[in-house]
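Have a look at target.txt below; it lists compact mmCIF, C-alpha atoms.
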```
# COMPACT_ATOMS: atom_id res chain seq x y z
CA ALA A 1 -14.59 -140.62 70.72
CA GLY A 2 -18.12 -140.07 71.85
CA SER A 3 -20.50 -142.95 72.45
CA ARG A 4 -24.23 -143.30 72.12
CA GLY A 5 -26.48 -145.76 73.90
CA GLY A 6 -26.04 -148.17 76.76
CA GLU A 7 -23.61 -150.85 77.71
CA ALA A 8 -23.06 -153.87 75.48
CA GLY A 9 -24.34 -156.24 78.12
CA THR A 10 -27.73 -154.52 78.33
CA GLY A 11 -28.80 -155.01 74.73
CA GLY A 12 -29.04 -151.25 74.14
CA GLU A 13 -27.55 -149.35 71.24
CA ILE A 14 -23.85 -150.07 70.88
CA GLU A 15 -22.71 -147.54 68.31
CA VAL A 16 -19.36 -145.87 69.07
CA ALA A 17 -17.90 -143.24 66.78
CA GLY A 18 -15.03 -144.55 64.68
CA VAL A 19 -15.47 -148.20 65.69
CA PRO A 20 -16.93 -150.68 63.16
CA LYS A 21 -20.31 -152.03 64.13
CA TRP A 22 -19.23 -155.64 63.49
CA LEU A 23 -16.40 -155.25 66.00
CA LEU A 24 -18.74 -153.98 68.68
CA ARG A 25 -21.14 -156.81 67.95
CA SER A 26 -18.29 -159.32 68.17
CA CYS A 27 -17.38 -157.95 71.60
CA PHE A 28 -21.02 -158.21 72.62
CA ALA A 29 -21.05 -161.82 71.41
CA LEU A 30 -17.99 -162.65 73.54
CA VAL A 31 -19.63 -161.07 76.58
CA THR A 32 -22.81 -163.02 75.86
CA VAL A 33 -20.90 -166.30 75.60
CA GLY A 34 -19.29 -165.60 78.96
CA GLN A 35 -22.67 -164.87 80.51
CA VAL A 36 -24.13 -168.07 79.07
CA VAL A 37 -21.27 -170.18 80.43
CA VAL A 38 -21.52 -168.64 83.90
CA LYS A 39 -25.30 -168.93 84.07
CA THR A 40 -25.18 -172.53 82.81
CA PHE A 41 -22.72 -173.60 85.50
CA ARG A 42 -24.80 -171.80 88.11
CA GLY A 43 -27.83 -173.78 87.00
CA LYS A 44 -29.81 -170.77 85.76
CA ILE A 45 -31.41 -172.70 82.92
CA HIS A 46 -35.02 -172.49 81.73
CA VAL A 47 -35.55 -176.17 81.03
CA ARG A 48 -38.85 -175.61 79.24
CA ASN A 49 -37.26 -173.14 76.84
CA VAL A 50 -34.32 -175.48 76.24
CA LEU A 51 -36.64 -178.37 75.35
CA GLU A 52 -38.66 -176.10 73.06
CA GLN A 53 -35.53 -174.98 71.24
CA LEU A 54 -34.23 -178.55 71.05
CA SER A 55 -37.37 -179.62 69.23
CA ASN A 56 -36.91 -176.75 66.81
CA VAL A 57 -33.20 -177.32 66.20
CA GLY A 58 -33.21 -181.12 66.19
CA PRO A 59 -36.22 -182.97 64.73
CA LYS A 60 -37.31 -180.09 62.51
CA SER A 61 -33.83 -179.85 60.98
CA LEU A 62 -33.22 -183.57 60.62
CA SER A 63 -34.73 -184.10 57.18
CA VAL A 64 -32.76 -181.39 55.38
CA CYS A 65 -29.52 -182.44 57.11
CA LEU A 66 -29.96 -186.11 56.18
CA LEU A 67 -30.89 -185.30 52.60
CA THR A 68 -27.84 -183.10 52.16
CA SER A 69 -25.54 -185.69 53.73
CA CYS A 70 -26.97 -188.37 51.46
CA PHE A 71 -26.10 -186.45 48.31
CA VAL A 72 -22.68 -185.44 49.65
CA GLY A 73 -21.88 -189.07 50.38
CA MET A 74 -22.98 -190.10 46.89
CA VAL A 75 -20.95 -187.37 45.18
CA PHE A 76 -17.77 -188.26 47.00
CA THR A 77 -18.36 -191.95 46.39
CA ILE A 78 -18.53 -191.30 42.64
CA GLN A 79 -15.30 -189.32 42.72
CA PHE A 80 -13.30 -191.60 44.99
CA THR A 81 -14.49 -194.97 43.72
CA ARG A 82 -13.94 -194.12 40.06
CA GLU A 83 -10.35 -193.02 40.61
CA PHE A 84 -9.46 -195.69 43.15
CA ALA A 85 -10.82 -198.41 40.86
CA ARG A 86 -8.37 -197.33 38.15
CA LEU A 87 -5.53 -197.80 40.63
CA GLY A 88 -6.86 -201.07 42.00
CA LEU A 89 -7.44 -199.58 45.45
CA THR A 90 -11.15 -200.16 45.86
CA LYS A 91 -10.57 -201.68 49.30
CA ALA A 92 -9.41 -198.27 50.54
CA VAL A 93 -12.52 -196.39 49.40
CA GLY A 94 -14.47 -196.91 52.60
CA GLY A 95 -11.65 -195.69 54.81
CA VAL A 96 -11.08 -192.54 52.79
CA LEU A 97 -14.79 -191.73 52.72
CA ALA A 98 -15.20 -192.33 56.45
CA LEU A 99 -12.25 -190.12 57.34
CA ALA A 100 -13.31 -187.34 54.98
CA LEU A 101 -16.87 -187.36 56.30
CA SER A 102 -16.03 -187.59 59.99
CA ARG A 103 -13.15 -185.12 60.12
CA GLU A 104 -14.36 -182.31 57.89
CA LEU A 105 -17.38 -182.76 55.65
CA VAL A 106 -20.14 -183.71 58.09
CA PRO A 107 -19.39 -181.11 60.81
CA VAL A 108 -19.00 -178.29 58.29
CA ILE A 109 -22.01 -179.21 56.15
CA THR A 110 -24.23 -179.63 59.20
CA ALA A 111 -23.05 -176.30 60.56
CA VAL A 112 -23.73 -174.56 57.24
CA ILE A 113 -27.27 -175.93 57.18
CA MET A 114 -27.87 -174.90 60.78
CA ALA A 115 -26.47 -171.42 60.20
CA GLY A 116 -28.86 -170.93 57.29
CA ARG A 117 -31.89 -172.38 59.01
CA ILE A 118 -31.49 -171.84 62.75
CA GLY A 119 -29.03 -168.95 62.82
CA SER A 120 -31.17 -166.80 60.57
CA ALA A 121 -34.28 -167.66 62.59
CA TYR A 122 -32.62 -166.72 65.88
CA ALA A 123 -31.31 -163.42 64.55
CA ALA A 124 -34.67 -162.50 63.01
CA GLU A 125 -36.67 -163.55 66.07
CA LEU A 126 -34.53 -161.72 68.62
CA GLY A 127 -34.07 -158.77 66.26
CA THR A 128 -37.82 -158.38 65.98
CA MET A 129 -38.15 -158.59 69.75
CA ARG A 130 -35.42 -155.96 70.09
CA VAL A 131 -36.93 -153.37 67.74
CA SER A 132 -40.43 -153.94 69.13
CA GLU A 133 -39.10 -153.42 72.67
CA GLN A 134 -40.14 -156.87 73.88
CA ILE A 135 -36.68 -157.41 75.33
CA ASP A 136 -37.04 -154.18 77.31
CA SER A 137 -40.38 -155.48 78.57
CA LEU A 138 -38.65 -158.61 79.88
CA ARG A 139 -36.29 -156.39 81.89
CA MET A 140 -39.26 -154.48 83.28
CA LEU A 141 -40.55 -157.85 84.52
CA SER A 142 -37.18 -158.52 86.21
CA THR A 143 -36.33 -161.24 83.68
CA ASP A 144 -32.80 -161.45 82.33
CA PRO A 145 -32.99 -161.73 78.51
CA VAL A 146 -29.78 -163.77 78.45
CA ASP A 147 -31.28 -166.31 80.87
CA TYR A 148 -34.62 -166.47 79.12
CA LEU A 149 -33.72 -166.09 75.44
CA VAL A 150 -30.04 -166.69 74.75
CA THR A 151 -28.93 -169.48 77.10
CA PRO A 152 -31.65 -171.98 76.02
CA ARG A 153 -30.79 -171.42 72.36
CA VAL A 154 -27.05 -171.86 72.87
CA ILE A 155 -27.53 -175.03 74.93
CA ALA A 156 -30.01 -176.44 72.41
CA CYS A 157 -27.65 -175.89 69.47
CA ALA A 158 -24.66 -177.28 71.37
CA ILE A 159 -26.63 -180.45 72.15
CA ALA A 160 -28.53 -180.92 68.90
CA LEU A 161 -25.71 -180.28 66.43
CA PRO A 162 -23.52 -183.24 67.52
CA LEU A 163 -26.52 -185.56 67.38
CA LEU A 164 -27.42 -184.33 63.91
CA ALA A 165 -23.80 -184.70 62.82
CA ILE A 166 -23.65 -188.32 63.94
CA LEU A 167 -26.87 -189.13 62.10
CA CYS A 168 -25.59 -187.30 59.02
CA PHE A 169 -22.36 -189.29 59.15
CA ALA A 170 -24.34 -192.53 59.24
CA MET A 171 -26.48 -191.35 56.33
CA GLY A 172 -23.42 -190.37 54.29
CA ILE A 173 -21.80 -193.78 54.82
CA SER A 174 -25.06 -195.57 54.00
CA ALA A 175 -25.47 -193.61 50.76
CA SER A 176 -21.87 -194.40 49.85
CA VAL A 177 -22.36 -198.12 50.49
CA LEU A 178 -25.54 -198.21 48.41
CA LEU A 179 -24.09 -196.33 45.45
CA ALA A 180 -20.79 -198.22 45.44
CA ASP A 181 -22.65 -201.53 45.41
CA LEU A 182 -25.17 -200.59 42.69
CA VAL A 183 -22.92 -198.64 40.32
CA TYR A 184 -19.33 -199.78 40.88
CA ASP A 185 -19.95 -203.34 42.13
CA VAL A 186 -18.02 -202.73 45.34
CA GLY A 187 -19.62 -204.81 48.06
CA PRO A 188 -20.94 -203.27 51.28
CA ASN A 189 -18.58 -205.44 53.31
CA VAL A 190 -15.59 -203.92 51.53
CA ILE A 191 -16.69 -200.35 52.28
CA LEU A 192 -17.68 -201.01 55.88
CA ASP A 193 -14.60 -203.09 56.68
CA SER A 194 -12.31 -200.41 55.28
CA ALA A 195 -14.17 -197.68 57.17
CA SER A 196 -14.02 -199.56 60.48
CA LYS A 197 -10.28 -200.07 60.13
CA ALA A 198 -9.58 -196.45 59.22
CA LEU A 199 -11.79 -194.77 61.82
CA GLN A 200 -10.36 -194.14 65.26
CA LYS A 201 -12.06 -193.01 68.44
CA SER A 202 -10.31 -189.68 68.03
CA ASP A 203 -12.08 -189.12 64.70
CA ILE A 204 -15.53 -189.55 66.28
CA PHE A 205 -14.48 -187.37 69.20
CA ALA A 206 -13.31 -184.68 66.77
CA LEU A 207 -16.65 -184.90 64.94
CA ILE A 208 -18.58 -184.36 68.18
CA LEU A 209 -16.29 -181.63 69.49
CA LYS A 210 -16.38 -179.64 66.25
CA SER A 211 -20.16 -179.89 66.16
CA VAL A 212 -20.47 -178.63 69.74
CA VAL A 213 -18.20 -175.67 69.00
CA PHE A 214 -19.96 -174.87 65.72
CA GLY A 215 -23.36 -175.03 67.41
CA ALA A 216 -22.22 -172.67 70.16
CA ILE A 217 -20.73 -170.24 67.64
CA ILE A 218 -23.81 -170.18 65.42
CA SER A 219 -26.26 -169.67 68.27
CA SER A 220 -24.12 -167.11 70.11
CA VAL A 221 -23.45 -164.99 67.03
CA SER A 222 -27.05 -165.13 65.85
CA CYS A 223 -28.50 -164.25 69.24
CA SER A 224 -25.97 -161.45 69.76
CA TRP A 225 -26.66 -159.97 66.33
CA GLY A 226 -30.38 -160.17 66.99
CA MET A 227 -30.18 -158.51 70.40
CA THR A 228 -28.14 -155.61 69.01
CA THR A 229 -30.48 -154.93 66.09
CA GLN A 230 -31.35 -151.31 65.35
CA GLY A 231 -33.39 -149.55 62.69
CA GLY A 232 -36.71 -151.35 62.55
CA ALA A 233 -37.57 -153.91 59.86
CA LYS A 234 -34.57 -152.96 57.72
CA GLY A 235 -32.25 -153.52 60.68
CA VAL A 236 -33.77 -156.95 61.31
CA GLY A 237 -33.02 -157.98 57.73
CA GLU A 238 -29.48 -156.67 57.91
CA SER A 239 -28.83 -158.40 61.24
CA THR A 240 -30.18 -161.70 59.93
CA THR A 241 -28.00 -161.61 56.82
CA SER A 242 -24.94 -160.49 58.75
CA ALA A 243 -25.39 -163.16 61.43
CA VAL A 244 -25.47 -165.95 58.87
CA VAL A 245 -22.43 -164.61 57.01
CA ILE A 246 -20.39 -164.16 60.20
CA SER A 247 -21.38 -167.61 61.48
CA LEU A 248 -20.33 -169.28 58.25
CA GLY A 249 -17.02 -167.37 58.21
CA GLU A 250 -16.15 -168.36 61.78
CA ASN A 251 -17.10 -171.99 61.20
CA GLU A 252 -14.86 -172.17 58.17
```
What is this structure when it is put down as structure tokens?
Amino acid sequence: AGSRGGEAGTGGEIEVAGVPKWLLRSCFALVTVGQVVVKTFRGKIHVRNVLEQLSNVGPKSLSVCLLTSCFVGMVFTIQFTREFARLGLTKAVGGVLALALSRELVPVITAVIMAGRIGSAYAAELGTMRVSEQIDSLRMLSTDPVDYLVTPRVIACAIALPLLAILCFAMGISASVLLADLVYDVGPNVILDSASKALQKSDIFALILKSVVFGAIISSVSCSWGMTTQGGAKGVGESTTSAVVISLGENE
């Protein structure tokens, strides 16, 4: 099969006859992840860019993440407390909520929010730079686009997502405690005592580890899709949509 364009690692066109475009982009994403890991361990990090991306990923995403976690905690409190009260197991509500939030709900919900907000922004930003040849201009200036554009974004997401997840977990538990006390007359001490007994260090570690992995996946896929954008404004839109969909699918 004939090929058109440059190598995957150069950010050029990656179309190959008979091979799906998503597969080529996935291979490019894997190569990009490898480059990011190598460059990070070698200390090739633009600290200024990392801090700039951290401020964009972290504080600017905090409000929507906390709000979503608050409502998720309330919804699950309504479902669990109502059914557990019928069985006389209200003392177990806190433990069940804490385990559900820490093991699955908080990492996934935070990742979904970040994929929609940050992933789409990364894909659109780098896609626009790709079609307007700004990435080629960086190479003309002897600047590696992976060093300057991709690595800071991956590091920022891998750092910010666990912190957001921990704050979202605290918000979810707080919302559960408040609602259980006001609506179902289950005291805060009951919820918190049950949660503290059920939670293990491994649950918190799993929460952090999942968040780090999800953050790396979202940023890597979004940046890779953006850097392989073709076709002008239409291609930017398609890359943005595709990046979000692929990120969500891999996180699930």
From the options A:Ala233, A:Leu248, A:Leu23, A:Ile191, which residue's atoms come nearest to Thr90 (chain A), counting all atoms listed in the file?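 Among A:Ala233, A:Leu248, A:Leu23, A:Ile191, it is A:Ile191 that comes nearest to Thr90 (chain A).
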Quick one: everything within 12 Å of Ser196 (chain A), counting all atoms listed in the file, minus sequence neighbours fewer than 5 positions away in the same chain. Send it as a PyMOL selection string.
chain A and resi 91-99+173+189-191+201+203-204
Check your understanding: Taking all atoms listed in the file into account, which of A:Lys60, A:Lys39, A:Lys44, A:Arg130 comes nearest Trp225 (chain A)?
Key ->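 Checking each candidate against Trp225 (chain A), we get A:Arg130 as the closest.
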- Query: How many Å separate CA of Ile166 (chain A) from CA of Thr81 (chain A)?
  - Reply: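 So the two atoms, CA of Ile166 (chain A) and CA of Thr81 (chain A), lie 23.2 Å apart.
For the residues A:Trp22, A:Phe214, A:Phe205, A:Phe41, ranking by smallest atom-to-atom distance to Pro107 (chain A) using all atoms listed in the file places A:Phe214 first.
Between CA of Phe84 (chain A) and CA of Tyr184 (chain A) lies a distance of 10.9 Å.
Residue nearest Phe71 (chain A) within the list A:Leu179, A:Val221, A:Ile155, A:Val245: A:Leu179 [criterion: smallest interatomic distance, all atoms listed in the file].
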- By how many Å are CA of Tyr122 (chain A) and CA of Ser222 (chain A) apart?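 Going from CA of Tyr122 (chain A) over to CA of Ser222 (chain A) covers 5.8 Å.
For region 134-142 of chain A, the list of residues within 12 Å, based on all atoms listed in the file and with local chain neighbours fewer than 4 positions off taken out, reads A:Thr10, A:Gly11, A:Gly12, A:Glu125, A:Leu126, A:Gly127, A:Thr128, A:Met129, A:Arg130, A:Val146, A:Asp147, A:Tyr148, A:Leu149, A:Val150, A:Gly226, A:Met227, A:Thr228, A:Thr229.
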Could you turn the residues from that selection into a file that holds C-alpha atoms, as a PDB file, in the frame of the given file?
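This went into part.pdb:
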```pdb
ATOM      1  CA  THR A  10     -27.730-154.520  78.330  1.00  0.00           C
ATOM      2  CA  GLY A  11     -28.800-155.010  74.730  1.00  0.00           C
ATOM      3  CA  GLY A  12     -29.040-151.250  74.140  1.00  0.00           C
ATOM      4  CA  GLU A 125     -36.670-163.550  66.070  1.00  0.00           C
ATOM      5  CA  LEU A 126     -34.530-161.720  68.620  1.00  0.00           C
ATOM      6  CA  GLY A 127     -34.070-158.770  66.260  1.00  0.00           C
ATOM      7  CA  THR A 128     -37.820-158.380  65.980  1.00  0.00           C
ATOM      8  CA  MET A 129     -38.150-158.590  69.750  1.00  0.00           C
ATOM      9  CA  ARG A 130     -35.420-155.960  70.090  1.00  0.00           C
ATOM     10  CA  VAL A 146     -29.780-163.770  78.450  1.00  0.00           C
ATOM     11  CA  ASP A 147     -31.280-166.310  80.870  1.00  0.00           C
ATOM     12  CA  TYR A 148     -34.620-166.470  79.120  1.00  0.00           C
ATOM     13  CA  LEU A 149     -33.720-166.090  75.440  1.00  0.00           C
ATOM     14  CA  VAL A 150     -30.040-166.690  74.750  1.00  0.00           C
ATOM     15  CA  GLY A 226     -30.380-160.170  66.990  1.00  0.00           C
ATOM     16  CA  MET A 227     -30.180-158.510  70.400  1.00  0.00           C
ATOM     17  CA  THR A 228     -28.140-155.610  69.010  1.00  0.00           C
ATOM     18  CA  THR A 229     -30.480-154.930  66.090  1.00  0.00           C
TER      19      THR A 229
END
```
Extract, using all atoms listed in the file, all DNA, RNA and protein residues at most 12 Å from Leu30 (chain A), discarding same-chain residues fewer than 6 positions from it, and format them as a PyMOL selection string. chain A and resi 8-9+23-24+36-37+216-217+220-221+223-225
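Distances from A:Leu51, A:Ile159, A:Val177, A:Ala170 to Ser69 (chain A) were compared using all atoms listed in the file, and the smallest one belongs to A:Ala170.
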Using all atoms listed in the file, the residue out of A:Gly73, A:Ser102, A:Val57, A:Gly172 with shortest distance to Ser202 (chain A) is A:Ser102
